[in-house]
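Below is one structure, written out as structure tokens; the observations come after it.
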Amino acid sequence: MSATQAKLALEDGTIYTGTGFGAAGETFGEVVFNTSMTGYQEVLTDPSYKGQLVVMTYPLIGNYGINLEDRESARPQVEGFIVRERARWPSNFRSSGTLESYFAEHNIIGLEGIDTRALVRRLRVRGTMTGILSTTDLDDHSLVRKAQSYPNIVGRDLVKQVVPDRASSWEEGFISPFASQELAPRPGCPHVVALDFGMKWNIPRCLVQTGCRVTVVPGTASADQVFALKPDGIFLSNGPGDPEPLSYAIDTIRGLVGKKPMFGICLGHQLLGLSLGAKTFKLKFGHRGANQPVLNRQTNKVEITTQNHGFAVALDSLPADLEPTHMNLNDGTLEGMRHRRYPLFSVQYHPEASAGPHDSTYLFEEFRRMLA
């Protein structure tokens with residue numbers, strides 16, 4: 001198969017020319033980077049990446065292929081994928097296909113062969129930018145104009161593009177023999193209702209592993225719909241984009257606060273903060289990777305965490321009832337909080353850690369103890 005030229009244009013006028021793979025066509029999104037050395041399939045299928053063109057900093061991607069066990073949703077969620085080099089011949093006994101065939105099947109455009117180090121440095125210095133990835137329009141001026149005219153991720157509701165259509169029961173625990181999280185089973189079967197704003201599948205798996213019965217509901221559900229399911233606890237999931245436009249979710253969470261134990265992750269953490277009177281802001285280039293150091297202020301221990309977010313809760317905006325519990329050691333941003341009076345807490349990072357370290361799986365056990 002002959003190589004297809006492809007281009008990435010940023011809104012600041014920068015052009016990167018490489019080779020396309022997977023699908024052909026044109027796609028837009030916020031250009032972000034992920035520093036993980038492994039876990040590219042989990043990155044691809046994480047609904048939190050909706051609306052984004054993802055650059056991997058590790059230079060060779062696709063070397064262990066694609067398999068069904070490691071998906072975090074039913075299909076790739078990224079708008080496009082950018083790598084230095086893709087592996088043509090994956091080597092892994094679980095592999096059922098290549099990165100290129102997976103992209104072609106799901107109509108995802110990939111770009112390889114550019115200087116990803118230069119691109120990441122530009123994003124770190126100037127901040128994330130809107131970009132266009134194209135295998136069809138290769139005119140530099142046309143591409144830059146398109147990138148500049150595409151709507152910014154700030155103020156957009158991306159959650160409604162990834163929420164499930166209806167409520168469902170989740171019964172699956174860890175399915176892979178390589179799932180090494182140690183989550184001790186507990187007696188009983190408390191009912192957790194999970195508000196799905198774009199939830200990674202490993203989150204309900206962790207809840208099931210700790211002995212919970214899990215019902216997943218769309219993130220657009222009302223407080224009355226949640227209470228009708230008679231939950232023992234409520235979970236707020238991760239999801240894509242800016243939390244501030246999600247007024248329906250903020251109103252729902254405000255109606256749930258203090259009624260049942262609650263645990264939020266990532267976007268769920270941000271929405272919980274907004275519902276309780278805190279403010280959020282956009283990070284310059286976000287936190288995306290599997291090696292982010294976080295200080296647990298309650299134990300004074302450092303956790304190495306997996307993260308994927310471009311927004312954060314402003315520490316100086318926390319109301320008196322919210323106590324900061326975790327802090328990012330790279331930039332001092334808030335990574336976790338707990339209510340002083342109600343049984344609820346949240347973290348900005350991903351304790352389900354797929355792919356990534358398992359330092360923070362204790363948070364699922366803490367939530368389970370709240371439901372006893």
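Convention: chains lettered A, B, ... in structure tokens order; per-chain residue numbering from 1; ligands numbered from 1 as shown.
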I'd like the contact shell of region 358-369 of chain A - 8 Å cut-off, only C-alpha atoms, skipping same-chain residues fewer than 5 positions apart - returned as a short mmCIF file (atom, residue, chain, number, x, y, z; two decimals) with C-alpha atoms, in the first residue's frame.
data_model
loop_
_atom_site.label_atom_id
_atom_site.label_comp_id
_atom_site.auth_asym_id
_atom_site.auth_seq_id
_atom_site.Cartn_x
_atom_site.Cartn_y
_atom_site.Cartn_z
CA GLN A 181 -5.22 -4.40 41.19
CA GLU A 182 -5.62 -5.83 44.66
CA LEU A 183 -9.16 -5.01 45.69
CA CYS A 206 -13.33 -1.79 40.34
CA LEU A 207 -16.68 -1.13 42.02
CA THR A 210 -15.16 -4.41 45.96
CA GLY A 211 -18.54 -6.13 46.23
CA CYS A 212 -20.91 -3.48 44.86
CA PRO A 261 -22.30 8.61 50.17
CA MET A 262 -20.68 9.94 47.00
CA PHE A 263 -17.40 9.42 45.15
CA GLU A 303 1.05 8.43 44.95
CA ILE A 304 2.07 7.98 41.31
CA THR A 305 -1.13 8.45 39.36
CA PRO A 351 -7.47 5.45 40.72
CA GLU A 352 -8.81 2.72 38.41
CA ALA A 353 -5.44 3.20 36.66
#
According to DSSP computed on the backbone, where in region 111-263 of chain A is there strand (DSSP E)? Give the residues as number ranges by chain. A: 111-112, 129-134, 168-170, 191-196, 213-218, 233-236, 262-263
What lies within 6 Å of region 4-19 of chain A using only C-alpha atoms, ignoring chain neighbours under 3 positions off, as a PyMOL selection string? chain A and resi 111-114+130-135+143-144+147-148
Taking the DSSP secondary structure from the backbone, can you list the residues of region 63-240 of chain A that are helix (DSSP H, G or I), as an mmCIF file with C-alpha atoms, in the first residue's frame?
data_model
loop_
_atom_site.group_PDB
_atom_site.id
_atom_site.type_symbol
_atom_site.label_atom_id
_atom_site.label_comp_id
_atom_site.auth_asym_id
_atom_site.auth_seq_id
_atom_site.Cartn_x
_atom_site.Cartn_y
_atom_site.Cartn_z
ATOM 1 C CA LEU A 99 -3.397 -0.087 15.003
ATOM 2 C CA GLU A 100 -3.924 0.744 11.322
ATOM 3 C CA SER A 101 -6.667 -1.861 10.788
ATOM 4 C CA TYR A 102 -8.376 -0.761 14.019
ATOM 5 C CA PHE A 103 -8.416 2.851 12.834
ATOM 6 C CA ALA A 104 -9.663 1.902 9.382
ATOM 7 C CA GLU A 105 -12.495 -0.123 10.930
ATOM 8 C CA HIS A 106 -13.622 2.774 13.138
ATOM 9 C CA THR A 116 6.383 14.793 17.968
ATOM 10 C CA ARG A 117 9.009 16.261 20.325
ATOM 11 C CA ALA A 118 8.768 19.617 18.555
ATOM 12 C CA LEU A 119 4.968 19.467 18.587
ATOM 13 C CA VAL A 120 4.806 18.655 22.307
ATOM 14 C CA ARG A 121 7.281 21.410 23.131
ATOM 15 C CA ARG A 122 5.113 23.899 21.232
ATOM 16 C CA LEU A 123 2.033 22.773 23.171
ATOM 17 C CA ARG A 124 3.879 23.030 26.496
ATOM 18 C CA VAL A 125 5.134 26.540 25.735
ATOM 19 C CA ARG A 126 2.018 27.975 24.074
ATOM 20 C CA ASP A 140 -1.428 24.973 4.276
ATOM 21 C CA HIS A 141 -3.373 28.244 4.178
ATOM 22 C CA SER A 142 -6.715 26.444 3.869
ATOM 23 C CA LEU A 143 -5.935 24.140 6.772
ATOM 24 C CA VAL A 144 -4.860 26.967 9.088
ATOM 25 C CA ARG A 145 -8.039 28.923 8.295
ATOM 26 C CA LYS A 146 -10.115 25.853 9.147
ATOM 27 C CA ALA A 147 -8.247 25.306 12.402
ATOM 28 C CA GLN A 148 -8.780 28.926 13.392
ATOM 29 C CA SER A 149 -12.502 28.789 12.629
ATOM 30 C CA VAL A 159 -20.590 14.824 27.446
ATOM 31 C CA LYS A 160 -23.815 14.435 25.478
ATOM 32 C CA GLN A 161 -21.758 12.830 22.691
ATOM 33 C CA ASN A 202 -12.407 -0.181 34.480
ATOM 34 C CA ILE A 203 -14.225 2.058 36.965
ATOM 35 C CA PRO A 204 -17.373 -0.118 37.312
ATOM 36 C CA ARG A 205 -15.085 -3.159 37.234
ATOM 37 C CA CYS A 206 -13.331 -1.790 40.342
ATOM 38 C CA LEU A 207 -16.680 -1.131 42.021
ATOM 39 C CA VAL A 208 -17.808 -4.692 41.292
ATOM 40 C CA GLN A 209 -14.497 -6.074 42.609
ATOM 41 C CA ALA A 223 -31.732 13.549 40.963
ATOM 42 C CA ASP A 224 -35.243 12.072 41.117
ATOM 43 C CA GLN A 225 -34.290 9.412 38.556
ATOM 44 C CA VAL A 226 -31.234 8.504 40.597
ATOM 45 C CA PHE A 227 -33.175 8.296 43.874
#
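Each of A:Pro187, A:Gly25, A:Gly241, A:Pro319 was compared to Ile108 (chain A) using only C-alpha atoms, and A:Gly25 turns out to be the nearest.
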